[in-house]
Amino acid sequence: MDFSIKQEHQGILDTAAKVAREDLLPRAADIDLKSVHTTESWAAIWENGLLGTTIPKDYGGLGLGLLESTMVLEKLAAGCASSTASFHMHTVVQRYIDALGTVQQKEELFSEVVNEGKLFGSWGSEPGTHGGAAPVKVVVNRAKEGYVMNGTKHFCTMAGACHRAMVHTNIPDKDGNRRTIMVMVPTWVEGVAITGEWNTLGMRGTVSPSVTFDNCFIDENALLGEPGEVEEKGIEQTFALGDAAIYIGIAQGAVDWFKEYAKSHTFDPSPQPLSHDLLLQRRVAEMTQRLEGARYVLYSSCQRYWEESNMGRWYLVSKAKYLASEAAVFVSNMVAAGLGGRIAHRRYPLERMIRDIRTATLMPPSPDRCLEVIAKYELGIDDVQLASRWGS
Amino acid sequence: MDFSIKQEHQGILDTAAKVAREDLLPRAADIDLKSVHTTESWAAIWENGLLGTTIPKDYGGLGLGLLESTMVLEKLAAGCASSTASFHMHTVVQRYIDALGTVQQKEELFSEVVNEGKLFGSWGSEPGTHGGAAPVKVVVNRAKEGYVMNGTKHFCTMAGACHRAMVHTNIPDKDGNRRTIMVMVPTWVEGVAITGEWNTLGMRGTVSPSVTFDNCFIDENALLGEPGEVEEKGIEQTFALGDAAIYIGIAQGAVDWFKEYAKSHTFDPSPQPLSHDLLLQRRVAEMTQRLEGARYVLYSSCQRYWEESNMGRWYLVSKAKYLASEAAVFVSNMVAAGLGGRIAHRRYPLERMIRDIRTATLMPPSPDRCLEVIAKYELGIDDVQLASRWGS
Amino acid sequence: MDFLLNKKQRELIQTAKEVARECLEPRAYEVDQKADHPRASWADVWTHGLLGMTIPEEYGGLGLDPLSYVLVVEQLAGGCTNTAMTVHMHSVVMRYIDSLGTPEQKANFYPEIVEQGKLFGSWGSEPSRRGGTGSVQTILSREGDQYVINGDKHFCTMAGGAHRYMVHCNVQGLDGGRNIVMALVPHNNIGITVKGEWDTLGMRGTVSPSVSFSDCKVEDDWILGEVGQAERSGIGQIFGLGYSAVYLGAAGRVVEWFSDYVQSHHFIPDPEPMAKNVLIQKPLAEMIMALESARKVLYKSAWMWESNSDPIYRAVLAARAKYMASEAAIMITTNSLQLLGGRMAQKRYPLERIYRDIRTCTLMPPSPDRCLEIIGKMELGLDDELLMLRHSS
Amino acid sequence: MDFLLNKKQRELIQTAKEVARECLEPRAYEVDQKADHPRASWADVWTHGLLGMTIPEEYGGLGLDPLSYVLVVEQLAGGCTNTAMTVHMHSVVMRYIDSLGTPEQKANFYPEIVEQGKLFGSWGSEPSRRGGTGSVQTILSREGDQYVINGDKHFCTMAGGAHRYMVHCNVQGLDGGRNIVMALVPHNNIGITVKGEWDTLGMRGTVSPSVSFSDCKVEDDWILGEVGQAERSGIGQIFGLGYSAVYLGAAGRVVEWFSDYVQSHHFIPDPEPMAKNVLIQKPLAEMIMALESARKVLYKSAWMWESNSDPIYRAVLAARAKYMASEAAIMITTNSLQLLGGRMAQKRYPLERIYRDIRTCTLMPPSPDRCLEIIGKMELGLDDELLMLRHSS
């Protein structure tokens with residue numbers, strides 16, 4: 001066992017922490033208020049060389065493994081959860097491209113990210129189906145010199161702001177069976193229309209309206225891999241690992257702000273800063289310990305992820321996501337109770353952090369679902385339907 | 001022991017529940033969005049005969065005791081916490097008038113409420129002092145044919161919307177010592193200026209900016225009682241009882257909405273509504289039981305309130321406020337986790353209820369302070385400074 | 001609404017508290033250590049007129065309403081959980097006799113309690129069945145001209161200590177469904193064999209081993225009521241109400257003891273009594289509030305009890321009380337021990353005993369899971385599922 | 001970062017697990033019931049080479065680093081908490097000897113363990129002092145040409161069972177401040193009187209009564225190091241690390257036992273094994289996650305241990321581990337008992353024993369309150385207060 005971090009990675013994490021503090025945090029309040037895309041924050045991530053964390057070094061990225069790229073998300077989320085959540089989605093898309101793309105596709109797509117700072121979304125959810133279920137309503141069919149795509153996606157994060165979106169679609173394979181395929185859709189093409197609103201409790205900068213594809217023409221080159229090939233790659237569950245990192249990151253940001261506030265504020269009749277209050281010290285300790293436990297379980301899940309079977313991966317991500325989500329909600333309650341009415345004002349970032357935690361942790365799978373996966377794995381109970389209910 | 005409710009009171013509670021459901025709830029989302037005064041909701045409370053719950057029957061009010069008037073607040077808060085919180089403040093002002101006013105003052109002031117639907121605010125907080133501390137900065141001095149008032153108040157709920165505000169001020173008594181006196185200030189007079197913003201996580205309709213009094217002329221008739229007389233009346237702590245009722249009320253409103261949603265929504269692949277889910281049933285049970293315990297402790301505190309010494313009153317209200325606040329926060333976490341991402345959308349009232357609970361329960365005294373009071377009372381530890389630290 | 005007690009209730013509480021503190025509590029340690037019946041404490045309960053709490057006044061009892069009853073049980077538990085729990089079980093049997101028995105049966109059995117201080121036990125649980133799911137495999141059948149019982153019972157409280165036992169039996173021969181009937185048997189009946197031992201974490205004085213029935217004869221007129229009547233009567237649900245009173249009585253004693261202790265003890269290097277420490281005050285107040293809110297819910301359930309005898313209605317009332325009371329009691333015993341530290345693990349302090357007792361008696365059915373399920377289904381209007389729950393359990 | 005164990009650690013765990021399950025666990029019930037020293041289990045620990053875990057390799061021990069050490073203690077506790085706890089205390093004394101002892105002392109004492117399987121105890125607590133606040137009233141003084149100890153100690157683990165005891169003494173004559181020194185005394189020394197009894201909720205085999213010293217003679221060369229050196233060494237904080245390993249080892253055994261039980265049992269009227277019930281699955285997963293996150297924090301503290309020997313730094317590491325481990329262990333033992341119901345209160349099931357053991361050994365200082373205070377002050381940069389906390393405690 002070894003808890004140390006390599007020097008090379010520590011440098012990247014320090015950069016991420018700096019970006020979070022200096023670039024993301026100062027913009028977070030305005031983004032939240034207006035509920036708009038976090039364009040400038042993404043630019044800062046790019047300018048600091050972090051947009052390609054999951055792009056291989058050969059293609060100009062940082063080539064980070066699952067553990068290190070997840071730690072970058074944790075650091076960034078302490079500054080702004082919304083921009084980090086959409087950036088997270090972008091990094092998973094790079095994993096898909098790396099796993100499924102041809103050399104030509106990689107060269108072209110990765111270059112847009114590394115050299116031009118473009119972002120790629122990932123649109124999977126469909127109305128009436130759960131998050132993890134295979135796409136059924138967005139279909140791709142052969143057309144002259146390419147394909148046409150039709151259907152509607154929900155929760156299309158970065159719609160209107162990303163350069164391309166990796167749309168989870170279904171396509172007939174050679175035998176005519178419908179299989180899943182990822183399509184890198186340029187968002188500017190004809191037949192792509194944004195519909196719906198995005199007005200939420202928190203995570204308001206992860207603007208995620210619905211998108212409809214109406215006979216949208218797709219170039220041959222936009223399809224990643226063969227029909228069904230994506231199902232074998234085991235990338236899907238890495239979404240939940242990044243989510244867990246983001247929960248821990250926002251919560252750590254809230255704890256850090258709480259600590260700074262306590263160290264720098266004194267209230268009558270006490271002559272000393274709030275930090276000298278015993279009950280406040282306990283709160284800080286309880287929060288940091290919860291986060292610490294969640295953090296190392298997450299890291300450990302990241303480390304073991306690629307060695308595991310599919311069920312083992314569900315198990316690992318469930319453990320990470322469950323603890324991270326519980327710890328973050330715990331932190332949000334503790335900071336609120338610890339500072340009282342002061343934090344309810346929107347002029348303080350804690351108010352936003354609390355809303356972001358409450359909202360981000362509502363993303364499926366729910367804690368109950370995670371616990372179910374953990375228990376079934378440990379008890380050796382087979383559940384082939386698990387993946388399809390994951391999103392509920 | 002007797003848990004029944006008199007028929008006369010049950011009728012009033014039914015009316016309150018109806019007003020909450022039909023008048024307050026439908027307006028709550030808009031009020032929250034705009035962060036504006038709940039004028040129309042107050043009108044509905046008046047039109048349904050509830051504006052004078054704490055005004056004696058002789059003066060046209062309902063003449064409810066502490067227990068019943070608190071129960072009315074609980075019912076109303078299930079519809080809209082913001083309008084109920086400001087209405088609550090108004091009802092406490094009537095208690096002060098009843099306890100301190102002359103017959104002439106009562107006739108005049110109560111008539112404004114009963115016959116004209118006017119609202120009275122209560123402005124006590126001052127910058128740099130805690131909620132429960134005696135006023136020091138807003139002073140009243142003798143002037144020709146009346147008094148002049150100077151100073152600034154914080155958290156002036158209903159400023160700009162209430163007809164009169166009962167301002168907690170200090171005044172020299174016969175011996176020249178400064179004592180507390182309540183002044184019924186008409187809000188339209190010269191020298192009253194609203195300053196400051198109100199932009200909060202929740203309870204956004206309890207618009208509470210700062211108000212400055214600049215040589216504001218006050219009629220002799222505006223002073224309630226003799227200097228210092230108010231300190232003997234023991235009304236102050238009833239604020240916290242009403243707060244507790246509001247917490248329970250909002251939380252019950254959230255549970256009720258949660259139950260209705262669960263009964264009426266079905267999600268694939270289950271053929272039955274969500275209400276058939278065992279874990280959801282547990283959630284409902286845990287929430288209702290927490291609320292039930294808090295509710296009866298509150299009622300019991302109301303019943304015993306007037307018989308108690310000052311310390312005994314702090315003890316009773318601490319018990320009620322602590323349990324109500326813990327139960328409400330518990331409910332807000334449980335409903336969120338129970339329905340997941342669905343509730344984060346602002347189109348659902350739960351989103352607002354969660355913010356309202358989180359914000360309202362931050363009002364001093366904190367749970368820690370309540371626990372301190374309870375323990376000291378039970379352990380027989382005298383703490384004469386208690387009242388002055390109550391608001392912290 | 002009125003949260004004050006009436007004069008009769010105040011007097012009852014006073015009597016019960018005196019018995020509990022002066023008679024029961026001094027023996028509680030020994031009862032626990034020996035895992036033996038609290039016979040001397042039962043005698044004191046009898047002498048003070050509380051063994052007939054639930055016997056109608058016309059038969060010499062107190063005929064207490066459920067609210068007054070739980071107030072008394074709570075006080076008794078403040079002295080000795082074992083005595084309170086066994087007296088409670090006995091008192092439920094008295095209610096069954098009142099509800100289901102003939103005038104002859106009442107005239108036959110009640111004087112044994114009122115005049116002789118005898119106790120009656122109630123044996124319902126069966127091996128391999130989930131707790132609280134009633135009697136199925138203990139069969140009451142007709143052999144020639146008499147009734148006999150065959151089968152096994154678990155958790156047979158007061159085995160060897162009570163005078164008679166009310167055995168929950170299933171009537172043979174009717175197919176499908178459950179056909180429960182209550183049969184009274186004397187303690188020394190032929191065909192009753194105590195099989196298991198009783199060596200438990202806590203509640204050691206409730207002596208509840210397994211018991212085997214083999215052609216155990218039952219007098220014709222010792223069967224209470226018609227087949228199925230016991231279940232329809234809505235009596236059995238009061239078990240849970242009394243358990244709740246035991247939990248809160250014991251937990252209340254812990255809070256009181258804790259309060260006294262922290263006021264009178266201080267430890268070097270702390271200069272003041274523990275009571276002055278905010279880290280003692282805060283959790284003490286949390287304990288007090290858990291206790292108080294659980295009490296309110298229990299009292300309300302008891303107050304509402306007689307307004308409806310429907311078993312499902314009462315199961316919900318009992319579930320409310322039991323859930324709150326067991327959560328509160330576990331929290332209070334766990335935290336008080338934690339706050340006072342290692343010294344309290346020693347058996348010479350009462351916390352150690354009460355802690356074990358609470359952890360044990362809160363395991364009695366219905367479990368917190370089941371309580372929550374019952375309450376949740378009721379709140380969500382799932383009456384059909386409640387009914388099924390009842391019939392499957 | 002790497003969460004995998006190396007080959008040596010895997011082998012150690014394997015050995016420790018075998019000893020725990022095959023030798024220690026079968027005796028755990030008896031050790032608990034008799035409240036007697038687990039002598040036979042100590043012998044097995046010795047035979048398998050684990051009594052010298054913290055003795056340097058050059059003296060025939062294993063010289064384990066803190067991480068490997070806690071992994072072994074955790075495994076032992078999975079078999080018998082009493083054995084694991086006493087072996088842990090013994091192992092801390094070995095660390096003191098290594099850090100403070102002269103080569104002569106090491107050559108004198110270590111063979112007693114390695115070759116003869118003797119155990120050394122450590123007695124620090126004193127009556128009337130808050131737990132963990134060290135030694136002040138047990139005085140080491142010069143009488144003529146020899147050292148003698150006078151005073152009272154509490155919680156003297158292994159009293160009568162170990163070969164020698166390391167007594168935390170205060171040196172007389174220097175005014176102000178504390179001047180702790182560690183003195184080794186043989187178990188049969190004149191002037192040592194066992195005064196209290198040891199009859200506790202759990203951890204009954206750690207036999208830790210009170211002991212009185214009256215002019216108890218100490219050999220000149222049996223004092224470890226200079227006055228004050230023991231406190232500066234940062235050794236004592238590892239007590240808390242080992243406690244955490246005991247908690248998690250016992251709790252891990254409970255989770256494993258619970259898992260097996262619910263897979264192999266079902267109760268009428270439920271048609272399937274308990275493992276299929278969501279109300280079993282969910283709390284089981286909660287237990288697993290509490291265990292896993294506490295383990296991660298413990299292992300990290302152990303991994304960081306040797307990077308800094310400052311007592312405050314190590315107190316924070318120990319507080320982190322102990323807080324998480326005790327919360328997890330209490331939750332796991334409480335909930336597992338609750339979920340499996342009344343049957344588990346019987347002493348024939350291991351849950352009953354482990355439940356009492358965990359509730360008892362988690363009471364050892366530093367308390368959760370103190371752990372949180374230490375962590376909180378560190379997080380908030382209150383180094384002065386941390387220092388004061390240390391000196392006042």
# chains A, B, ... in the order shown; residues from 1 in each chain; ligands from 1

$ residues_around --residues "Arg282 in chain B" --least-positions-apart "2" --cutoff "12 Å" --atoms "only C-alpha atoms" --output "PyMOL selection string"
(chain B and resi 259+275-280+284-289+334-335+338) or (chain C and resi 323+368-380) or (chain D and resi 278-279)

$ write_last_selection --atoms "N, CA and C atoms" --output "tab-separated table (two decimals), in the first residue's frame"
chain	number	residue	atom	x	y	z
B	259	LYS	N	-45.76	12.35	-0.62
B	259	LYS	CA	-46.70	11.24	-0.60
B	259	LYS	C	-47.60	11.25	-1.83
B	275	SER	N	-45.36	4.54	-4.48
B	275	SER	CA	-45.75	4.34	-3.09
B	275	SER	C	-45.63	2.89	-2.65
B	276	HIS	N	-45.56	1.96	-3.61
B	276	HIS	CA	-45.44	0.55	-3.25
B	276	HIS	C	-44.01	0.14	-2.95
B	277	ASP	N	-43.09	1.06	-3.13
B	277	ASP	CA	-41.69	0.75	-2.86
B	277	ASP	C	-41.43	0.76	-1.36
B	278	LEU	N	-40.85	-0.33	-0.90
B	278	LEU	CA	-40.65	-0.52	0.53
B	278	LEU	C	-39.75	0.55	1.14
B	279	LEU	N	-38.69	0.91	0.41
B	279	LEU	CA	-37.77	1.90	0.96
B	279	LEU	C	-38.43	3.28	1.02
B	280	LEU	N	-39.29	3.54	0.06
B	280	LEU	CA	-40.01	4.81	0.09
B	280	LEU	C	-41.00	4.83	1.26
B	284	VAL	N	-41.18	7.62	4.35
B	284	VAL	CA	-42.38	8.34	4.79
B	284	VAL	C	-42.59	8.12	6.28
B	285	ALA	N	-42.42	6.88	6.71
B	285	ALA	CA	-42.63	6.59	8.13
B	285	ALA	C	-41.63	7.32	9.00
B	286	GLU	N	-40.39	7.30	8.61
B	286	GLU	CA	-39.38	7.99	9.43
B	286	GLU	C	-39.66	9.48	9.50
B	287	MET	N	-40.06	10.04	8.38
B	287	MET	CA	-40.35	11.48	8.37
B	287	MET	C	-41.55	11.81	9.24
B	288	THR	N	-42.63	11.05	9.06
B	288	THR	CA	-43.83	11.40	9.82
B	288	THR	C	-43.61	11.20	11.31
B	289	GLN	N	-42.82	10.21	11.69
B	289	GLN	CA	-42.60	9.99	13.12
B	289	GLN	C	-41.76	11.09	13.74
B	334	MET	N	-34.51	13.75	3.41
B	334	MET	CA	-35.18	12.50	3.04
B	334	MET	C	-36.00	12.62	1.76
B	335	VAL	N	-36.70	13.73	1.60
B	335	VAL	CA	-37.50	13.86	0.39
B	335	VAL	C	-36.60	13.97	-0.84
B	338	GLY	N	-35.21	10.66	-1.60
B	338	GLY	CA	-36.27	9.72	-1.95
B	338	GLY	C	-36.79	9.87	-3.37
C	323	TYR	N	-41.36	2.21	17.39
C	323	TYR	CA	-40.24	2.72	16.60
C	323	TYR	C	-39.54	3.88	17.32
C	368	PRO	N	-37.87	-2.60	14.04
C	368	PRO	CA	-38.00	-1.23	13.50
C	368	PRO	C	-38.34	-1.24	12.00
C	369	ASP	N	-37.75	-2.18	11.27
C	369	ASP	CA	-38.07	-2.27	9.84
C	369	ASP	C	-39.57	-2.50	9.64
C	370	ARG	N	-40.09	-3.41	10.42
C	370	ARG	CA	-41.50	-3.74	10.27
C	370	ARG	C	-42.38	-2.57	10.73
C	371	CYS	N	-41.97	-1.94	11.80
C	371	CYS	CA	-42.73	-0.77	12.28
C	371	CYS	C	-42.81	0.28	11.18
C	372	LEU	N	-41.66	0.56	10.57
C	372	LEU	CA	-41.64	1.59	9.54
C	372	LEU	C	-42.50	1.19	8.34
C	373	GLU	N	-42.45	-0.07	8.03
C	373	GLU	CA	-43.26	-0.54	6.90
C	373	GLU	C	-44.75	-0.34	7.19
C	374	ILE	N	-45.14	-0.67	8.39
C	374	ILE	CA	-46.56	-0.53	8.77
C	374	ILE	C	-46.98	0.94	8.70
C	375	ILE	N	-46.16	1.78	9.30
C	375	ILE	CA	-46.50	3.21	9.32
C	375	ILE	C	-46.51	3.77	7.89
C	376	GLY	N	-45.50	3.40	7.13
C	376	GLY	CA	-45.38	3.92	5.76
C	376	GLY	C	-46.56	3.52	4.90
C	377	LYS	N	-46.96	2.27	4.98
C	377	LYS	CA	-48.09	1.82	4.18
C	377	LYS	C	-49.36	2.56	4.59
C	378	MET	N	-49.49	2.77	5.89
C	378	MET	CA	-50.68	3.49	6.35
C	378	MET	C	-50.66	4.91	5.81
C	379	GLU	N	-49.54	5.59	5.92
C	379	GLU	CA	-49.44	6.98	5.47
C	379	GLU	C	-49.70	7.10	3.97
C	380	LEU	N	-49.30	6.09	3.24
C	380	LEU	CA	-49.46	6.13	1.78
C	380	LEU	C	-50.78	5.52	1.34
D	278	VAL	N	-34.27	-6.62	0.47
D	278	VAL	CA	-33.63	-5.31	0.32
D	278	VAL	C	-33.36	-4.66	1.67
D	279	LEU	N	-34.17	-5.01	2.66
D	279	LEU	CA	-33.97	-4.42	3.99
D	279	LEU	C	-32.83	-5.11	4.74

$ select_by_dssp --residues "range 166-230 of chain C" --states "strand (DSSP E or B)" --output "list in words"
Met166, Val167, His168, Cys169, Asn170, Val171, Ile180, Val181, Met182, Ala183, Leu184, Val185, Pro186, Ile192, Thr193, Val194, Thr200, Val211, Ser212, Phe213, Ser214, Asp215, Cys216, Lys217, Val218, Ile223 and Leu224 of chain C

$ residues_around --residues "Pro111 in chain C" --least-positions-apart "4" --cutoff "8 Å" --atoms "only C-alpha atoms" --output "PyMOL selection string"
chain C and resi 59-60+107+115-116

$ write_last_selection --atoms "C-alpha atoms" --output "short mmCIF file (atom, residue, chain, number, x, y, z; two decimals), in the first residue's frame"
data_model
loop_
_atom_site.label_atom_id
_atom_site.label_comp_id
_atom_site.auth_asym_id
_atom_site.auth_seq_id
_atom_site.Cartn_x
_atom_site.Cartn_y
_atom_site.Cartn_z
CA TYR C 59 -62.75 -8.48 39.85
CA GLY C 60 -60.53 -6.58 42.23
CA ALA C 107 -64.07 -15.75 38.30
CA GLU C 115 -55.50 -12.77 46.04
CA GLN C 116 -52.46 -14.96 45.57
#

$ closest_residue --among "A:Asp382, A:Glu292, A:Glu126, A:Glu22" --to "chain D" --atoms "only C-alpha atoms"
A:Glu292

$ closest_atom_pairs --of "chain C" --to "chain A" --cutoff "12 Å" --atoms "only C-alpha atoms" --output "JSON lines"
{"residue": "C:Asn277", "atom": "CA", "partner": "A:Leu278", "partner_atom": "CA", "distance": 10.6}
{"residue": "C:Val278", "atom": "CA", "partner": "A:Leu279", "partner_atom": "CA", "distance": 8.4}
{"residue": "C:Leu279", "atom": "CA", "partner": "A:Leu279", "partner_atom": "CA", "distance": 8.1}
{"residue": "C:Ile280", "atom": "CA", "partner": "A:Leu279", "partner_atom": "CA", "distance": 11.6}
{"residue": "C:Gln281", "atom": "CA", "partner": "A:Leu279", "partner_atom": "CA", "distance": 11.7}
{"residue": "C:Lys282", "atom": "CA", "partner": "A:Leu279", "partner_atom": "CA", "distance": 9.7}
{"residue": "C:Pro283", "atom": "CA", "partner": "A:Leu279", "partner_atom": "CA", "distance": 11.7}

$ interface_residues --of "chain A" --to "chain B" --cutoff "7 Å" --atoms "only C-alpha atoms" --output "list in words"
Asn199, Thr200, Leu201, Ala337, Gly340, Gly341, Ala344, His345, Arg346, Glu351, Thr359, Leu362, Met363 and Ser366 of chain A

$ write_last_selection --atoms "all heavy atoms" --output "tab-separated table (two decimals), in the first residue's frame"
chain	number	residue	atom	x	y	z
A	199	ASN	N	-33.70	25.02	-15.38
A	199	ASN	CA	-33.86	25.93	-14.26
A	199	ASN	C	-33.95	25.11	-12.99
A	199	ASN	O	-35.00	24.61	-12.63
A	199	ASN	CB	-35.13	26.77	-14.46
A	199	ASN	CG	-35.24	27.86	-13.42
A	199	ASN	OD1	-34.27	28.15	-12.71
A	199	ASN	ND2	-36.40	28.46	-13.31
A	200	THR	N	-32.81	24.96	-12.34
A	200	THR	CA	-32.70	23.96	-11.28
A	200	THR	C	-32.24	24.58	-9.96
A	200	THR	O	-31.77	25.71	-9.91
A	200	THR	CB	-31.69	22.88	-11.68
A	200	THR	OG1	-30.50	23.53	-12.14
A	200	THR	CG2	-32.24	22.00	-12.77
A	201	LEU	N	-32.38	23.78	-8.93
A	201	LEU	CA	-31.93	24.14	-7.58
A	201	LEU	C	-30.46	24.54	-7.58
A	201	LEU	O	-30.08	25.62	-7.11
A	201	LEU	CB	-32.15	22.93	-6.67
A	201	LEU	CG	-31.64	22.98	-5.23
A	201	LEU	CD1	-32.36	24.07	-4.45
A	201	LEU	CD2	-31.82	21.62	-4.55
A	337	ALA	N	-25.52	24.28	9.41
A	337	ALA	CA	-25.82	24.35	10.84
A	337	ALA	C	-24.67	25.03	11.60
A	337	ALA	O	-24.89	25.66	12.63
A	337	ALA	CB	-26.07	22.95	11.38
A	340	GLY	N	-24.98	29.01	10.56
A	340	GLY	CA	-26.28	29.63	10.76
A	340	GLY	C	-26.67	30.57	9.64
A	340	GLY	O	-26.16	30.47	8.51
A	341	GLY	N	-27.56	31.49	9.94
A	341	GLY	CA	-28.20	32.34	8.95
A	341	GLY	C	-27.25	33.09	8.03
A	341	GLY	O	-27.62	33.42	6.90
A	344	ALA	N	-27.02	31.82	4.44
A	344	ALA	CA	-28.17	31.76	3.54
A	344	ALA	C	-28.12	32.87	2.50
A	344	ALA	O	-28.79	32.80	1.47
A	344	ALA	CB	-29.47	31.85	4.34
A	345	HIS	N	-27.33	33.88	2.75
A	345	HIS	CA	-27.26	34.98	1.79
A	345	HIS	C	-26.48	34.59	0.55
A	345	HIS	O	-25.44	33.96	0.63
A	345	HIS	CB	-26.62	36.22	2.44
A	345	HIS	CG	-27.64	37.06	3.13
A	345	HIS	ND1	-28.49	37.89	2.45
A	345	HIS	CD2	-27.97	37.15	4.43
A	345	HIS	CE1	-29.29	38.49	3.32
A	345	HIS	NE2	-29.00	38.05	4.53
A	346	ARG	N	-27.01	35.02	-0.57
A	346	ARG	CA	-26.39	34.60	-1.83
A	346	ARG	C	-25.04	35.26	-2.05
A	346	ARG	O	-24.32	34.90	-2.97
A	346	ARG	CB	-27.35	34.89	-3.00
A	346	ARG	CG	-28.63	34.11	-2.83
A	346	ARG	CD	-29.31	33.74	-4.13
A	346	ARG	NE	-30.21	32.63	-3.86
A	346	ARG	CZ	-31.16	32.22	-4.68
A	346	ARG	NH1	-31.34	32.82	-5.83
A	346	ARG	NH2	-31.92	31.21	-4.36
A	351	GLU	N	-23.80	29.23	0.05
A	351	GLU	CA	-25.20	29.10	-0.35
A	351	GLU	C	-25.28	28.32	-1.67
A	351	GLU	O	-26.11	27.41	-1.82
A	351	GLU	CB	-25.80	30.51	-0.50
A	351	GLU	CG	-27.30	30.56	-0.71
A	351	GLU	CD	-27.71	30.51	-2.15
A	351	GLU	OE1	-26.87	30.77	-3.04
A	351	GLU	OE2	-28.87	30.18	-2.41
A	359	THR	N	-28.06	19.13	-5.47
A	359	THR	CA	-28.51	18.80	-6.82
A	359	THR	C	-27.64	17.72	-7.46
A	359	THR	O	-28.16	16.74	-8.01
A	359	THR	CB	-28.51	20.06	-7.69
A	359	THR	OG1	-29.27	21.07	-7.03
A	359	THR	CG2	-29.12	19.79	-9.06
A	362	LEU	N	-28.15	14.14	-6.54
A	362	LEU	CA	-29.43	13.52	-6.91
A	362	LEU	C	-29.32	12.73	-8.22
A	362	LEU	O	-30.23	12.01	-8.60
A	362	LEU	CB	-30.52	14.58	-7.05
A	362	LEU	CG	-30.89	15.32	-5.77
A	362	LEU	CD1	-31.88	16.44	-6.08
A	362	LEU	CD2	-31.47	14.37	-4.74
A	363	MET	N	-28.19	12.89	-8.89
A	363	MET	CA	-27.99	12.21	-10.15
A	363	MET	C	-28.03	10.70	-9.92
A	363	MET	O	-27.47	10.21	-8.96
A	363	MET	CB	-26.63	12.63	-10.71
A	363	MET	CG	-26.51	12.50	-12.21
A	363	MET	SD	-24.87	13.10	-12.75
A	363	MET	CE	-24.91	14.78	-12.12
A	366	SER	N	-29.08	6.37	-7.38
A	366	SER	CA	-29.33	6.86	-6.03
A	366	SER	C	-28.49	6.06	-5.02
A	366	SER	O	-28.03	4.97	-5.33
A	366	SER	CB	-30.81	6.66	-5.70
A	366	SER	OG	-31.08	5.29	-5.57
